[in-house]
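Dropping my_file.cif in here (mmCIF, C-alpha atoms):
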```cif
data_target
loop_
_atom_site.label_atom_id
_atom_site.label_comp_id
_atom_site.auth_asym_id
_atom_site.auth_seq_id
_atom_site.Cartn_x
_atom_site.Cartn_y
_atom_site.Cartn_z
CA MET A 1 -244.47 -8.39 19.80
CA THR A 2 -242.51 -10.86 21.90
CA ALA A 3 -241.93 -10.55 25.60
CA PRO A 4 -238.43 -9.52 26.72
CA LEU A 5 -236.09 -12.31 27.76
CA THR A 6 -235.44 -12.68 31.45
CA PRO A 7 -231.91 -13.42 32.73
CA SER A 8 -232.99 -16.91 33.70
CA GLN A 9 -234.33 -17.60 30.21
CA PRO A 10 -231.57 -18.41 27.66
CA PRO A 11 -231.83 -17.10 24.11
CA HIS A 12 -233.55 -19.21 21.51
CA GLY A 13 -231.40 -22.12 20.27
CA GLU A 14 -229.04 -22.12 23.23
CA SER A 15 -229.10 -24.73 25.91
CA PRO A 16 -228.92 -23.70 29.59
CA HIS A 17 -225.93 -26.02 29.78
CA ASP A 18 -223.96 -24.79 26.83
CA PRO A 19 -221.14 -27.26 25.95
CA TRP A 20 -218.86 -24.34 25.08
CA GLN A 21 -219.22 -23.07 28.61
CA GLN A 22 -218.41 -26.54 29.92
CA ALA A 23 -215.32 -26.69 27.74
CA ALA A 24 -214.05 -23.50 29.29
CA LYS A 25 -214.07 -25.02 32.75
CA PRO A 26 -211.44 -27.70 33.18
CA SER A 27 -212.45 -30.59 35.31
CA GLY A 28 -210.49 -31.24 38.46
CA ASP A 29 -210.82 -34.98 38.10
CA PHE A 30 -207.77 -36.85 36.86
CA PRO A 31 -207.38 -40.57 36.24
CA PRO A 32 -206.51 -42.25 39.52
CA SER A 33 -203.32 -43.64 38.06
CA ALA A 34 -201.99 -40.14 37.39
CA HIS A 35 -201.59 -39.57 41.14
CA GLU A 36 -200.12 -42.97 41.94
CA GLU A 37 -196.43 -43.53 42.39
CA ASP A 38 -194.61 -45.15 39.51
CA GLY A 39 -193.25 -48.39 40.93
CA PRO A 40 -192.62 -49.45 44.51
CA GLY A 41 -191.65 -47.06 47.25
CA MET A 42 -188.09 -46.27 48.23
CA LYS A 43 -188.15 -48.61 51.24
CA THR A 44 -189.27 -51.51 49.06
CA GLU A 45 -186.56 -50.77 46.51
CA VAL A 46 -183.89 -50.66 49.21
CA ARG A 47 -185.04 -54.02 50.62
CA GLN A 48 -184.97 -55.55 47.14
CA ALA A 49 -181.51 -54.11 46.53
CA VAL A 50 -180.18 -55.66 49.75
CA VAL A 51 -181.63 -59.06 48.84
CA ILE A 52 -180.11 -58.88 45.37
CA ALA A 53 -176.71 -57.82 46.74
CA VAL A 54 -176.64 -60.76 49.16
CA ALA A 55 -177.77 -63.27 46.52
CA VAL A 56 -175.19 -62.08 44.00
CA ALA A 57 -172.42 -62.04 46.60
CA VAL A 58 -173.20 -65.60 47.74
CA SER A 59 -172.91 -66.82 44.15
CA GLY A 60 -169.24 -65.87 44.42
CA VAL A 61 -168.74 -69.25 46.09
CA LEU A 62 -169.45 -70.92 42.75
CA LEU A 63 -167.04 -68.58 40.97
CA GLY A 64 -164.30 -69.42 43.48
CA LEU A 65 -164.81 -73.16 42.99
CA LEU A 66 -164.76 -72.84 39.20
CA TRP A 67 -161.63 -70.72 39.35
CA LEU A 68 -159.92 -73.30 41.53
CA TRP A 69 -160.93 -76.06 39.13
CA LEU A 70 -160.16 -74.36 35.80
CA ALA A 71 -157.15 -72.17 36.59
CA PRO A 72 -153.82 -73.57 35.39
CA ARG A 73 -151.27 -74.60 38.00
CA VAL A 74 -147.88 -72.92 38.31
CA PRO A 75 -145.25 -75.65 38.85
CA LEU A 76 -142.45 -75.00 41.35
CA ILE A 77 -139.35 -77.02 42.27
CA SER A 78 -136.83 -76.80 45.10
CA ASP A 79 -133.14 -77.64 45.13
CA GLY A 80 -133.09 -77.85 48.89
CA GLU A 81 -132.00 -74.24 49.33
CA ALA A 82 -134.35 -72.16 47.17
CA VAL A 83 -137.57 -72.54 45.24
CA TYR A 84 -137.71 -71.95 41.48
CA LEU A 85 -140.22 -71.97 38.67
CA LYS A 86 -139.98 -75.29 36.90
CA ASP A 87 -140.96 -73.69 33.61
CA THR A 88 -139.43 -70.23 33.51
CA GLU A 89 -141.08 -69.41 30.18
CA GLY A 90 -144.49 -70.69 31.13
CA GLU A 91 -147.57 -68.49 31.07
CA GLN A 92 -149.52 -70.27 33.77
CA ALA A 93 -149.51 -67.21 36.04
CA ILE A 94 -151.13 -65.12 33.31
CA GLY A 95 -153.62 -67.92 32.74
CA VAL A 96 -154.65 -67.81 36.40
CA ASP A 97 -155.59 -64.13 36.15
CA GLY A 98 -157.19 -64.62 32.73
CA THR A 99 -159.34 -67.49 33.95
CA PHE A 100 -160.64 -65.48 36.86
CA THR A 101 -161.37 -62.47 34.64
CA LEU A 102 -163.29 -64.49 32.04
CA LEU A 103 -165.31 -66.30 34.69
CA ALA A 104 -166.08 -63.02 36.46
CA LEU A 105 -167.25 -61.44 33.21
CA GLY A 106 -169.55 -64.40 32.59
CA PHE A 107 -170.96 -64.23 36.11
CA GLY A 108 -171.48 -60.50 35.74
CA ALA A 109 -173.38 -60.88 32.48
CA VAL A 110 -175.60 -63.63 33.89
CA SER A 111 -176.34 -61.78 37.12
CA GLY A 112 -177.20 -58.60 35.22
CA LEU A 113 -179.57 -60.55 32.95
CA VAL A 114 -181.25 -62.39 35.83
CA VAL A 115 -181.78 -59.23 37.86
CA PHE A 116 -183.28 -57.50 34.84
CA LEU A 117 -185.69 -60.37 34.18
CA LEU A 118 -186.76 -60.47 37.83
CA ARG A 119 -187.09 -56.73 38.28
CA LYS A 120 -187.46 -54.89 34.97
CA ARG A 121 -188.55 -51.60 36.51
CA GLY A 122 -185.36 -51.02 38.41
CA GLY A 123 -184.03 -47.99 40.20
CA ILE A 124 -180.86 -46.55 41.66
CA PRO A 125 -180.96 -48.80 44.78
CA LEU A 126 -181.29 -51.88 42.55
CA VAL A 127 -178.30 -50.91 40.42
CA VAL A 128 -176.22 -50.13 43.53
CA GLY A 129 -177.17 -53.49 45.07
CA LEU A 130 -176.25 -55.37 41.88
CA THR A 131 -172.88 -53.62 41.62
CA ALA A 132 -172.03 -54.04 45.30
CA GLY A 133 -173.06 -57.70 45.20
CA GLY A 134 -170.85 -58.32 42.18
CA LEU A 135 -167.84 -56.76 43.89
CA LEU A 136 -168.42 -58.71 47.10
CA GLY A 137 -168.91 -61.92 45.10
CA ALA A 138 -165.61 -61.38 43.26
CA VAL A 139 -163.73 -60.81 46.52
CA LEU A 140 -165.35 -63.88 48.06
CA ALA A 141 -164.39 -65.99 45.05
CA TRP A 142 -160.81 -64.74 45.16
CA ARG A 143 -160.32 -65.49 48.85
CA LEU A 144 -162.10 -68.83 48.63
CA GLY A 145 -159.92 -69.97 45.74
CA ILE A 146 -156.77 -69.11 47.68
CA PHE A 147 -158.10 -70.79 50.82
CA LEU A 148 -158.97 -74.04 49.06
CA GLY A 149 -156.01 -73.98 46.70
CA PRO A 150 -152.43 -75.21 47.16
CA GLU A 151 -150.46 -74.40 50.30
CA THR A 152 -149.68 -70.72 50.60
CA ASP A 153 -146.47 -71.24 52.61
CA VAL A 154 -144.14 -72.05 49.73
CA VAL A 155 -141.04 -72.71 51.89
CA ALA A 156 -142.84 -75.14 54.20
CA HIS A 157 -144.44 -76.85 51.22
CA ALA A 158 -141.06 -77.25 49.49
CA LYS A 159 -139.56 -78.81 52.60
CA SER A 160 -142.48 -81.18 52.99
CA VAL A 161 -142.32 -82.52 49.42
CA GLY A 162 -138.51 -82.75 49.36
CA LYS A 163 -135.70 -81.76 47.05
CA GLY A 164 -136.32 -81.99 43.30
CA VAL A 165 -140.06 -82.67 43.64
CA VAL A 166 -142.44 -80.52 41.58
CA PHE A 167 -145.33 -78.97 43.45
CA ASP A 168 -148.00 -76.36 42.72
CA ALA A 169 -147.59 -72.71 43.61
CA PRO A 170 -150.30 -70.99 45.62
CA LEU A 171 -153.30 -69.73 43.67
CA GLU A 172 -152.77 -65.98 43.33
CA LEU A 173 -154.54 -63.13 41.60
CA LYS A 174 -151.79 -60.77 40.61
CA ALA A 175 -154.01 -58.39 38.62
CA LYS A 176 -156.35 -57.12 41.32
CA GLY A 177 -158.26 -55.16 38.71
CA ALA A 178 -159.88 -58.46 37.73
CA LEU A 179 -162.06 -58.07 40.82
CA LEU A 180 -163.93 -55.30 38.98
CA ALA A 181 -164.82 -57.53 36.02
CA TRP A 182 -167.96 -58.90 37.69
CA PRO A 183 -169.57 -55.63 38.87
CA VAL A 184 -168.70 -53.78 35.67
CA ALA A 185 -170.11 -56.54 33.44
CA ALA A 186 -173.27 -56.80 35.56
CA LEU A 187 -173.79 -53.04 35.47
CA LEU A 188 -173.29 -52.74 31.71
CA VAL A 189 -175.55 -55.68 30.88
CA HIS A 190 -178.32 -54.52 33.19
CA LEU A 191 -178.23 -50.92 31.97
CA GLY A 192 -178.11 -52.04 28.35
CA LEU A 193 -181.12 -54.35 28.74
CA THR A 194 -183.02 -51.65 30.63
CA ALA A 195 -182.36 -49.14 27.86
CA LEU A 196 -183.44 -51.57 25.13
CA PHE A 197 -186.27 -53.53 26.70
CA GLY A 198 -187.17 -51.75 29.93
CA PRO A 199 -190.62 -50.22 30.45
CA ARG A 200 -191.07 -46.70 29.18
CA ASP A 201 -192.49 -43.83 31.21
CA PRO A 202 -196.20 -43.36 30.50
CA GLU A 203 -197.40 -40.37 28.50
CA PRO A 204 -198.76 -37.50 30.62
CA TYR A 205 -202.52 -37.56 30.98
CA PRO A 206 -204.37 -34.64 29.30
CA LEU A 207 -206.70 -32.47 31.35
CA ALA A 208 -210.24 -33.77 31.40
CA TYR A 209 -212.34 -31.19 29.59
CA GLY A 210 -215.94 -31.43 28.51
CA ASP A 211 -216.55 -32.66 25.00
CA PRO A 212 -217.26 -29.46 23.04
CA ALA A 213 -219.95 -29.66 20.42
CA ARG A 214 -219.03 -28.96 16.89
CA PRO A 215 -219.92 -25.46 15.66
CA GLU A 216 -222.05 -26.85 12.84
CA ASP A 217 -224.14 -28.82 15.34
CA SER A 218 -224.94 -25.74 17.46
CA SER A 219 -225.74 -23.66 14.40
CA ASN A 220 -228.17 -26.30 13.10
CA SER A 221 -230.00 -26.28 16.41
#
```
When written as structure tokens, how does the structure in this file appear?
Amino acid sequence: MTAPLTPSQPPHGESPHDPWQQAAKPSGDFPPSAHEEDGPGMKTEVRQAVVIAVAVAVSGVLLGLLWLWLAPRVPLISDGEAVYLKDTEGEQAIGVDGTFTLLALGFGAVSGLVVFLLRKRGGIPLVVGLTAGGLLGAVLAWRLGIFLGPETDVVAHAKSVGKGVVFDAPLELKAKGALLAWPVAALLVHLGLTALFGPRDPEPYPLAYGDPARPEDSSNS
């Protein structure tokens, strides 16, 4: 006859630390990275967005210089009383707007690509900074091209060159919607690259449970 089992004495074949009991108790320890923030804090993102906006806006100086250099000139002529287009069927004015639009699209694509390569894990502040910088850069390029271009006072310019002398019209951007070409192109390129090649969100970490023993192992013991 065997002695009765005491509460402190486990039945035969069972360990005092049964793995099935451990499996029923989830551990409160998670990987340290599960509690960390994904990416920099909001203040850091805002600072980066401001830096990017300023850098993109300053590059508008280069766009203005290229526009001034590549845009076609609109020839004017004066008869001493009024100023006329020398070539009434010319498309130079359309070419001025088209040149600015194409250059702005190119600058937008390049700026969107560069910002993505420098800061792949972007955020809303970064996108806002890129878009605002592109718009400011386009406005800066527009005003700089006019400032450095031909004389804006057409009447005074016609009087200074004399009757019958051809001179260039002021550099104008008649289609003001071209100012949106840079920010829109930058936004589309950056969002497209982020969707295709940006980092993905990590998979959620499973709860850390004990490693349960297989039923056949416990039965063999």
For CA of Leu113 in chain A and CA of Glu45 in chain A, the interatomic separation in Å (one decimal):
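That distance, rounded to one decimal, is 18.1 Å.
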I would like the residues chosen by the PyMOL selection byres ((chain A and resi 122-139) around 6) on the shown file; could you give them as a count of residues only?
16
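With all atoms listed in the file as the atoms that count, the minimum distance from Pro170 in chain A to the choices A:Ala185, A:Ala195, A:Val74, A:Ile94 is reached by A:Val74.
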Counting only C-alpha atoms, the residue of A:Leu188, A:Leu68, A:Val54, A:Val115 that sits nearest Ile146 in chain A:
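Counting only C-alpha atoms, the residue closest to Ile146 in chain A is A:Leu68.
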One-decimal distance in Å that lies between CA of Leu171 in chain A and CA of Gly149 in chain A
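Interatomic distance here is 5.9 Å.
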